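Student: Below is the file entry-v3.cif, which contains mmCIF, C-alpha atoms.
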data_data
loop_
_atom_site.label_atom_id
_atom_site.label_comp_id
_atom_site.auth_asym_id
_atom_site.auth_seq_id
_atom_site.Cartn_x
_atom_site.Cartn_y
_atom_site.Cartn_z
CA MET A 894 43.47 -70.05 -71.95
CA ALA A 895 44.57 -73.15 -73.78
CA GLY A 896 43.02 -76.21 -72.22
CA ASN A 897 42.15 -75.59 -68.61
CA LEU A 898 45.46 -74.03 -67.76
CA HIS A 899 45.38 -72.04 -64.59
CA PRO A 900 48.23 -69.61 -64.93
CA ILE A 901 49.31 -67.76 -61.82
CA PHE A 902 49.16 -63.98 -62.12
CA ILE A 903 50.92 -61.95 -59.45
CA VAL A 904 48.43 -59.06 -59.34
CA GLU A 905 45.44 -61.36 -59.06
CA GLU A 906 47.08 -63.27 -56.22
CA VAL A 907 47.72 -60.00 -54.40
CA VAL A 908 44.08 -58.96 -54.75
CA LYS A 909 42.93 -62.39 -53.57
CA ALA A 910 45.24 -62.19 -50.59
CA ILE A 911 43.66 -58.86 -49.62
CA GLY A 912 40.34 -60.63 -49.54
CA LEU A 913 38.46 -59.49 -52.64
CA VAL A 914 37.52 -63.02 -53.59
CA GLY A 915 34.33 -63.90 -55.45
CA ALA A 916 32.12 -66.98 -55.36
CA HIS A 917 34.35 -69.35 -57.34
CA GLY A 918 37.63 -68.24 -55.86
CA GLN A 919 38.40 -65.72 -58.57
CA SER A 920 39.32 -62.16 -57.71
CA LEU A 921 36.45 -59.67 -57.80
CA ILE A 922 38.41 -57.14 -59.86
CA PRO A 923 38.84 -58.74 -63.31
CA GLY A 924 42.35 -59.65 -64.39
CA GLN A 925 42.49 -57.35 -67.40
CA VAL A 926 41.52 -54.34 -65.26
CA LEU A 927 44.32 -55.11 -62.79
CA HIS A 928 46.88 -55.48 -65.55
CA ALA A 929 45.72 -52.25 -67.18
CA TRP A 930 46.30 -50.54 -63.84
CA VAL A 931 49.82 -51.98 -63.78
CA VAL A 932 50.50 -50.47 -67.22
CA MET A 933 49.06 -47.15 -66.11
CA GLY A 934 51.26 -47.18 -63.03
CA VAL A 935 54.37 -47.97 -65.07
CA LEU A 936 53.62 -45.21 -67.58
CA ILE A 937 52.93 -42.61 -64.88
CA VAL A 938 56.19 -43.49 -63.10
CA LEU A 939 58.12 -43.30 -66.38
CA GLY A 940 56.53 -39.95 -67.17
CA ILE A 941 57.48 -38.52 -63.79
CA LEU A 942 61.03 -39.86 -64.12
CA ALA A 943 61.45 -38.45 -67.60
CA THR A 944 60.32 -34.92 -66.77
CA LYS A 945 61.96 -34.47 -63.37
CA LYS A 946 64.80 -32.32 -64.64
CA LEU A 947 63.87 -31.04 -68.08
CA SER A 948 66.95 -29.85 -69.90
CA LEU A 949 67.34 -28.26 -73.32
CA ILE A 950 69.76 -30.99 -74.37
CA PRO A 951 67.91 -34.16 -73.42
CA LYS A 952 69.62 -37.26 -72.21
CA GLY A 953 68.54 -40.60 -70.89
CA LEU A 954 64.84 -41.26 -70.43
CA GLN A 955 63.86 -37.77 -71.61
CA ASN A 956 65.81 -38.40 -74.81
CA PHE A 957 64.01 -41.67 -75.44
CA PHE A 958 60.59 -40.15 -74.97
CA GLU A 959 61.41 -37.07 -77.03
CA LEU A 960 62.54 -39.33 -79.86
CA LEU A 961 59.36 -41.38 -79.65
CA ILE A 962 56.96 -38.44 -79.46
CA GLU A 963 58.79 -36.48 -82.15
CA SER A 964 58.78 -39.31 -84.66
CA LEU A 965 55.11 -40.03 -83.95
CA GLU A 966 54.20 -36.37 -84.35
CA ASN A 967 56.12 -36.06 -87.61
CA PHE A 968 54.36 -39.18 -88.88
CA VAL A 969 50.92 -37.85 -87.95
CA VAL A 970 51.56 -34.41 -89.43
CA ALA A 971 53.02 -35.92 -92.61
CA ASN A 972 49.88 -37.96 -93.10
CA MET A 973 47.16 -35.69 -91.77
CA GLY A 974 48.47 -32.18 -92.29
CA GLU A 975 48.62 -29.56 -89.58
CA ASP A 976 45.21 -30.59 -88.21
CA GLY A 977 46.95 -33.66 -86.91
CA ARG A 978 48.46 -31.72 -84.02
CA LYS A 979 45.00 -31.35 -82.50
CA VAL A 980 44.41 -35.10 -82.25
CA PHE A 981 48.02 -36.18 -81.87
CA PRO A 982 48.00 -36.54 -78.04
CA VAL A 983 45.12 -39.04 -78.15
CA LEU A 984 46.80 -41.07 -80.90
CA ALA A 985 50.18 -41.10 -79.16
CA THR A 986 48.52 -42.18 -75.89
CA LEU A 987 46.81 -45.03 -77.71
CA PHE A 988 50.09 -46.16 -79.26
CA ILE A 989 52.15 -46.03 -76.06
CA PHE A 990 49.43 -47.65 -73.95
CA ILE A 991 48.91 -50.49 -76.43
CA LEU A 992 52.66 -51.01 -76.82
CA PHE A 993 53.31 -51.27 -73.09
CA SER A 994 50.19 -53.42 -72.58
CA ASN A 995 51.36 -55.85 -75.25
CA TYR A 996 54.81 -56.07 -73.73
CA GLU A 997 53.32 -56.76 -70.32
CA GLY A 998 52.20 -60.11 -71.72
CA LEU A 999 55.81 -61.13 -72.16
CA VAL A 1000 56.66 -60.58 -68.49
CA PRO A 1001 56.27 -63.81 -66.50
CA GLY A 1002 53.64 -63.44 -63.81
CA LEU A 1003 51.75 -60.72 -65.67
CA ASP A 1004 49.32 -60.84 -68.54
CA ALA A 1005 48.56 -58.41 -71.33
CA PRO A 1006 45.31 -56.51 -70.80
CA THR A 1007 44.98 -56.33 -74.58
CA ALA A 1008 44.76 -60.13 -74.65
CA ASN A 1009 41.19 -59.64 -73.45
CA ILE A 1010 38.42 -58.59 -75.81
CA ASN A 1011 37.06 -56.12 -73.23
CA THR A 1012 40.10 -53.85 -73.34
CA THR A 1013 40.45 -53.84 -77.11
CA LEU A 1014 36.72 -53.37 -77.68
CA ALA A 1015 36.70 -50.44 -75.26
CA MET A 1016 39.56 -48.79 -77.14
CA ALA A 1017 37.91 -49.43 -80.52
CA VAL A 1018 34.58 -47.99 -79.36
CA PHE A 1019 36.41 -44.95 -78.02
CA VAL A 1020 38.18 -44.41 -81.36
CA PHE A 1021 34.85 -44.73 -83.20
CA VAL A 1022 33.08 -42.23 -80.93
CA TYR A 1023 36.10 -39.91 -81.09
CA TYR A 1024 36.29 -39.63 -84.86
CA GLN A 1025 32.51 -39.29 -85.21
CA TYR A 1026 32.72 -36.49 -82.64
CA TRP A 1027 35.40 -34.71 -84.68
CA GLY A 1028 33.36 -35.21 -87.85
CA PHE A 1029 30.26 -33.63 -86.38
CA LYS A 1030 32.26 -30.89 -84.70
CA LEU A 1031 34.06 -29.86 -87.89
CA HIS A 1032 31.30 -30.28 -90.45
CA GLY A 1033 28.12 -29.98 -88.44
CA PHE A 1034 25.18 -31.63 -90.12
CA HIS A 1035 27.03 -31.89 -93.45
CA TYR A 1036 29.00 -34.75 -91.92
CA ILE A 1037 26.15 -36.96 -93.15
CA HIS A 1038 27.41 -36.31 -96.66
CA HIS A 1039 30.40 -38.47 -95.83
CA PHE A 1040 28.05 -41.44 -95.82
CA THR A 1041 25.95 -40.72 -98.88
CA GLY A 1042 28.39 -41.42 -101.66
CA PRO A 1043 29.20 -39.46 -104.83
CA VAL A 1044 25.74 -39.04 -106.41
CA PRO A 1045 22.55 -38.06 -104.53
CA TRP A 1046 20.22 -40.58 -106.17
CA LEU A 1047 22.38 -43.50 -104.97
CA ALA A 1048 22.25 -42.26 -101.37
CA PRO A 1049 19.50 -44.62 -100.07
CA LEU A 1050 21.57 -47.57 -101.30
CA ILE A 1051 24.97 -46.39 -100.18
CA PHE A 1052 24.00 -44.99 -96.78
CA PRO A 1053 23.30 -48.36 -95.04
CA ILE A 1054 26.42 -49.88 -96.57
CA GLU A 1055 28.56 -47.00 -95.32
CA VAL A 1056 27.02 -47.15 -91.83
CA ILE A 1057 27.65 -50.88 -91.59
CA GLY A 1058 31.18 -50.30 -92.86
CA HIS A 1059 31.84 -47.76 -90.14
CA PHE A 1060 30.50 -50.09 -87.46
CA ALA A 1061 32.61 -52.88 -88.91
CA ARG A 1062 35.68 -50.70 -88.33
CA MET A 1063 35.05 -50.94 -84.58
CA LEU A 1064 34.79 -54.70 -84.83
CA SER A 1065 37.87 -55.12 -86.99
CA LEU A 1066 40.04 -52.84 -84.83
CA SER A 1067 39.21 -54.71 -81.64
CA LEU A 1068 39.34 -58.21 -83.14
CA ARG A 1069 42.63 -57.59 -84.90
CA LEU A 1070 44.42 -56.48 -81.74
CA PHE A 1071 42.77 -59.07 -79.48
CA GLY A 1072 43.28 -61.97 -81.87
CA ASN A 1073 46.94 -61.16 -82.47
CA ILE A 1074 47.89 -60.77 -78.81
CA LYS A 1075 45.84 -63.73 -77.59
CA GLY A 1076 47.15 -65.91 -80.41
CA GLU A 1077 50.73 -64.99 -79.62
CA GLU A 1078 50.15 -65.85 -75.96
CA ILE A 1079 48.68 -69.25 -76.83
CA VAL A 1080 51.50 -70.01 -79.26
CA LEU A 1081 54.08 -69.20 -76.59
CA VAL A 1082 52.40 -71.50 -74.08
CA LEU A 1083 51.99 -74.34 -76.58
CA LEU A 1084 55.59 -74.06 -77.75
CA PHE A 1085 56.66 -74.05 -74.13
CA MET A 1086 54.83 -77.32 -73.59
CA LEU A 1087 56.48 -78.83 -76.67
CA ALA A 1088 60.08 -77.63 -76.51
CA PRO A 1089 60.71 -75.35 -73.56
CA VAL A 1090 63.69 -73.12 -74.31
CA VAL A 1091 64.88 -73.88 -77.84
CA SER A 1092 61.70 -72.84 -79.59
CA THR A 1093 60.37 -70.17 -77.27
CA VAL A 1094 63.38 -67.83 -77.16
CA PRO A 1095 63.47 -67.07 -80.93
CA ILE A 1096 59.69 -66.83 -81.03
CA TYR A 1097 59.85 -64.41 -78.09
CA PHE A 1098 61.89 -61.94 -80.16
CA LEU A 1099 59.64 -62.38 -83.20
CA PHE A 1100 56.60 -61.64 -81.07
CA MET A 1101 58.27 -58.56 -79.59
CA LEU A 1102 58.47 -57.20 -83.13
CA LEU A 1103 54.92 -58.28 -83.97
CA LYS A 1104 53.52 -56.56 -80.88
CA VAL A 1105 55.13 -53.27 -81.92
CA ILE A 1106 53.61 -53.74 -85.38
CA GLN A 1107 50.15 -54.37 -83.91
CA ALA A 1108 50.33 -51.23 -81.77
CA LEU A 1109 51.50 -49.32 -84.85
CA VAL A 1110 48.64 -50.67 -86.96
CA PHE A 1111 46.01 -49.67 -84.37
CA PHE A 1112 47.55 -46.20 -84.14
CA MET A 1113 47.72 -45.81 -87.89
CA LEU A 1114 44.18 -46.98 -88.54
CA SER A 1115 42.85 -44.57 -85.90
CA MET A 1116 44.81 -41.81 -87.60
CA LEU A 1117 43.37 -42.75 -91.01
CA TYR A 1118 39.81 -42.77 -89.65
CA LEU A 1119 40.38 -39.36 -88.10
CA LYS A 1120 41.78 -38.14 -91.40
CA GLY A 1121 38.64 -39.38 -93.13
CA ALA A 1122 36.49 -37.48 -90.63
CA PHE A 1123 38.56 -34.31 -91.05
CA GLU A 1124 38.50 -34.09 -94.82
CA GLU A 1125 35.69 -32.68 -96.93
CA ALA A 1126 33.08 -35.06 -98.27
CA HIS A 1127 33.04 -35.63 -102.02
CA MET B 716 71.05 -69.66 -59.94
CA ARG B 717 70.88 -72.69 -62.22
CA LYS B 718 68.84 -74.72 -59.73
CA GLY B 719 66.45 -71.82 -59.29
CA PHE B 720 65.98 -71.48 -63.05
CA LEU B 721 65.38 -75.22 -63.42
CA SER B 722 62.87 -75.27 -60.59
CA VAL B 723 60.97 -72.35 -62.11
CA LEU B 724 60.85 -74.16 -65.45
CA ALA B 725 59.62 -77.33 -63.79
CA THR B 726 56.91 -75.46 -61.92
CA VAL B 727 55.60 -73.79 -65.02
CA ALA B 728 55.69 -77.07 -66.94
CA LEU B 729 53.77 -78.83 -64.17
CA VAL B 730 51.17 -76.09 -64.07
CA ALA B 731 50.84 -76.35 -67.83
CA VAL B 732 50.55 -80.13 -67.95
CA ALA B 733 48.10 -80.41 -65.03
CA SER B 734 45.23 -79.42 -67.27
CA SER B 735 42.12 -81.34 -68.15
CA ALA B 736 40.84 -81.63 -71.67
CA PHE B 737 38.69 -78.89 -73.09
CA ALA B 738 35.26 -79.39 -74.62
CA ALA B 739 35.32 -82.85 -73.06
CA ASP B 740 31.65 -82.79 -72.17
CA ALA B 741 30.45 -82.89 -75.77
CA ALA B 742 29.24 -85.91 -77.70
CA PRO B 743 31.97 -87.62 -79.77
CA GLU B 744 30.44 -86.67 -83.13
CA VAL B 745 30.30 -83.04 -82.04
CA ILE B 746 33.95 -83.15 -81.05
CA SER B 747 34.96 -84.61 -84.41
CA THR B 748 32.96 -82.01 -86.31
CA ILE B 749 34.53 -79.22 -84.25
CA ALA B 750 37.98 -80.65 -84.99
CA TRP B 751 37.31 -80.82 -88.74
CA ALA B 752 35.84 -77.33 -88.85
CA ALA B 753 38.58 -75.68 -86.84
CA SER B 754 41.50 -77.22 -88.72
CA LEU B 755 40.02 -76.78 -92.21
CA GLY B 756 38.90 -73.23 -91.49
CA MET B 757 42.29 -72.19 -90.18
CA ALA B 758 44.10 -73.95 -93.05
CA ILE B 759 42.07 -72.15 -95.72
CA ALA B 760 42.51 -68.81 -93.93
CA ALA B 761 46.25 -69.38 -93.66
CA ALA B 762 46.47 -70.29 -97.36
CA GLY B 763 44.66 -67.14 -98.47
CA CYS B 764 46.70 -65.02 -96.09
CA GLY B 765 49.92 -66.59 -97.36
CA ILE B 766 49.13 -65.82 -101.00
CA ALA B 767 48.10 -62.24 -100.22
CA GLN B 768 51.15 -61.52 -98.08
CA GLY B 769 53.37 -63.07 -100.73
CA LEU B 770 52.00 -60.62 -103.27
CA ALA B 771 52.60 -57.74 -100.87
CA VAL B 772 56.22 -58.75 -100.24
CA LYS B 773 56.74 -59.28 -103.96
CA ALA B 774 55.59 -55.74 -104.72
CA ALA B 775 57.76 -54.35 -101.91
CA CYS B 776 60.84 -56.19 -103.19
CA GLU B 777 60.28 -54.97 -106.73
CA GLY B 778 59.74 -51.40 -105.52
CA THR B 779 62.94 -51.50 -103.46
CA ALA B 780 64.86 -53.00 -106.39
CA ARG B 781 63.69 -50.20 -108.61
CA ASN B 782 64.43 -47.43 -106.12
CA PRO B 783 66.74 -48.45 -103.27
CA GLU B 784 66.57 -44.98 -101.71
CA ALA B 785 62.87 -45.37 -100.91
CA SER B 786 63.39 -48.71 -99.19
CA GLY B 787 62.58 -47.28 -95.74
CA LYS B 788 59.15 -46.00 -96.72
CA ILE B 789 58.45 -49.11 -98.79
CA THR B 790 59.32 -51.37 -95.87
CA VAL B 791 57.04 -49.46 -93.49
CA THR B 792 54.17 -49.61 -95.97
CA MET B 793 54.79 -53.29 -96.53
CA LEU B 794 54.73 -54.06 -92.81
CA ILE B 795 51.48 -52.19 -92.36
CA GLY B 796 49.94 -54.02 -95.31
CA LEU B 797 51.13 -57.36 -93.96
CA ALA B 798 49.55 -56.66 -90.58
CA LEU B 799 46.24 -55.73 -92.18
CA ILE B 800 46.21 -58.88 -94.33
CA GLU B 801 47.17 -60.97 -91.31
CA SER B 802 44.17 -59.64 -89.46
CA LEU B 803 41.89 -61.56 -91.83
CA ALA B 804 43.54 -64.82 -90.80
CA ILE B 805 43.27 -63.68 -87.19
CA TYR B 806 39.48 -63.38 -87.60
CA ALA B 807 39.44 -67.07 -88.59
CA LEU B 808 41.65 -67.83 -85.58
CA VAL B 809 39.23 -66.03 -83.25
CA VAL B 810 36.32 -68.06 -84.60
CA ASN B 811 38.34 -71.23 -84.02
CA LEU B 812 39.19 -70.18 -80.48
CA ILE B 813 35.51 -69.60 -79.82
CA LEU B 814 34.63 -73.01 -81.28
CA LEU B 815 37.26 -74.82 -79.27
CA PHE B 816 37.25 -73.08 -75.93
CA ALA B 817 34.10 -71.03 -75.52
CA ASN B 818 31.63 -72.96 -77.64
CA PRO B 819 28.12 -71.66 -76.94
CA PHE B 820 26.49 -74.81 -78.35
CA VAL B 821 28.36 -77.24 -76.10
CA GLY B 822 28.17 -77.65 -72.36
#
Show me, as structure tokens, the structure contained in the file I just sent.

Tutor:
Amino acid sequence: MAGNLHPIFIVEEVVKAIGLVGAHGQSLIPGQVLHAWVVMGVLIVLGILATKKLSLIPKGLQNFFELLIESLENFVVANMGEDGRKVFPVLATLFIFILFSNYEGLVPGLDAPTANINTTLAMAVFVFVYYQYWGFKLHGFHYIHHFTGPVPWLAPLIFPIEVIGHFARMLSLSLRLFGNIKGEEIVLVLLFMLAPVVSTVPIYFLFMLLKVIQALVFFMLSMLYLKGAFEEAH
Amino acid sequence: MRKGFLSVLATVALVAVASSAFAADAAPEVISTIAWAASLGMAIAAAGCGIAQGLAVKAACEGTARNPEASGKITVTMLIGLALIESLAIYALVVNLILLFANPFVG
């Protein structure tokens, strides 16, 4: 964190009170894991609440979730074609998880798990493995032709560049999300030290919008990589 | 209600201010070099990012002016493009954060 700030996180204090304390007084379960569990708990509770009494004409929480899932599905199908329905659940889970994780950073006493490079790197590695899996599953060995470029005699030159590019996608996905969320956190704390309420409240709303955009960008880039793995090589 | 809010603010402010300096165990010339590098690097990244995002917004405004019906799609595309361009400045920010707070060459 900025300087040597020691912010107080509720979940970590609870774990320390139970007794899972390490050598330097920090909790044995890392903070980002605890906060990810909090997001998981919130999402499971919301899911149960929304599907308790499914009705044909939705209202309330079911309405909200139907709106969200329907617009996401239309977006994925509009961009990827009908194949998108196969991978849509994974993409929607990524979007909703990242959105709620980002918003957890704005709650006092809690921290965003995506403000830690471990969470974002794990998600980026998963997306990488997932779209390579779909590529190999759909095209078999011919998936290699995705990496060899348009003409066969340029293949030895283009293949390393393409491989490095694909690995760089993992790096860029994770760093983009981590850098944005961590930077927003630091800006909020610094502005709070400078001018407590006047500057932080407007910035709070701006960051709420930016966090939605970051979740959307992660979701959309994963969708584009999957689309690239689905389509035929040139 | 008001006293509670004020006391919460004061607590958070105290926690924030009771912090020691970072990278304080480095030699003075190292600290000054780190300061130069971080500020110049972030300034150049912000300048490039500003120009690129300005071009993106310019194209979006012209597209919307030409075809006001497509303004929804144009706005969504513009926001996605802005986020992707911003990520390049964020890479510079991450390097600066590493230099300032988690410097492997210092301490």

Student: Rounded to one decimal, what separation in Å do you get between atom CA of Val810 of chain B and atom CA of Ala741 of chain B?

Tutor: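 So the answer is 18.2 Å.
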
Student: Mind giving me the straight-line distance from atom CA of Asn995 of chain A to atom CA of Thr1093 of chain A in Å, one decimal?

Tutor: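 Between atom CA of Asn995 of chain A and atom CA of Thr1093 of chain A the gap works out to 17.0 Å.
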
Student: List the neighbours of Glu777 of chain B out to 12 Å using only C-alpha atoms; skip same-chain residues closer than 5 positions along the sequence, and give me the result as a PyMOL selection string.

Tutor: chain B and resi 770-772+782-783+785-786+789-790+793

Student: Residues within 10 Å of Ala1122 of chain A, please, as a VMD selection string. Count all atoms listed in the file; anything in the same chain fewer than 3 positions from it doesn't count.

Tutor: chain A and resid 1023 to 1032 1036 1039 1116 to 1119 1125 to 1126

Student: Residues of chain A within 12 Å of chain B, using all atoms listed in the file, as a PyMOL selection string?

Tutor: chain A and resi 894-901+968+1001-1002+1008-1010+1064-1077+1079-1090+1102-1114

Student: Report as a count of residues only all protein, DNA and RNA residues lying within 9 Å of Leu936 of chain A, evaluated on only C-alpha atoms, omitting residues in the same chain fewer than 6 positions from it.

Tutor: 3

Student: Tell me which residues the PyMOL selection byres ((chain B and resi 749) around 12) grabs here, as a ChimeraX atom specification.

Tutor: /B:737-739,741-748,750-756,810-818,820-821

Student: Give me the residues within 10 Å of segment 928-933 of chain A as a list in words, counting all atoms listed in the file and dropping any in the same chain fewer than 4 places off.

Tutor: Phe902, Ile903, Val904, Glu905, Pro923, Gly924, Ile937, Val938, Leu939, Phe990, Ile991, Leu992, Phe993, Ser994, Asn995, Tyr996, Glu997, Gly998, Leu1003, Asp1004, Ala1005, Pro1006, Thr1007 and Thr1012 of chain A

Student: Calculate how many Å separate atom CA of Val969 of chain A from atom CA of Cys764 of chain B, rounding to one decimal.

Tutor: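 These two atoms are separated by 28.7 Å.
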
Student: Check the smallest atom-to-atom distance from each of A:Phe1060, A:Phe958, A:Phe1034, A:Tyr1097 to Val1020 of chain A using only C-alpha atoms, then report the winner.

Tutor: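 The answer is A:Phe1060, which sits nearest to Val1020 of chain A.
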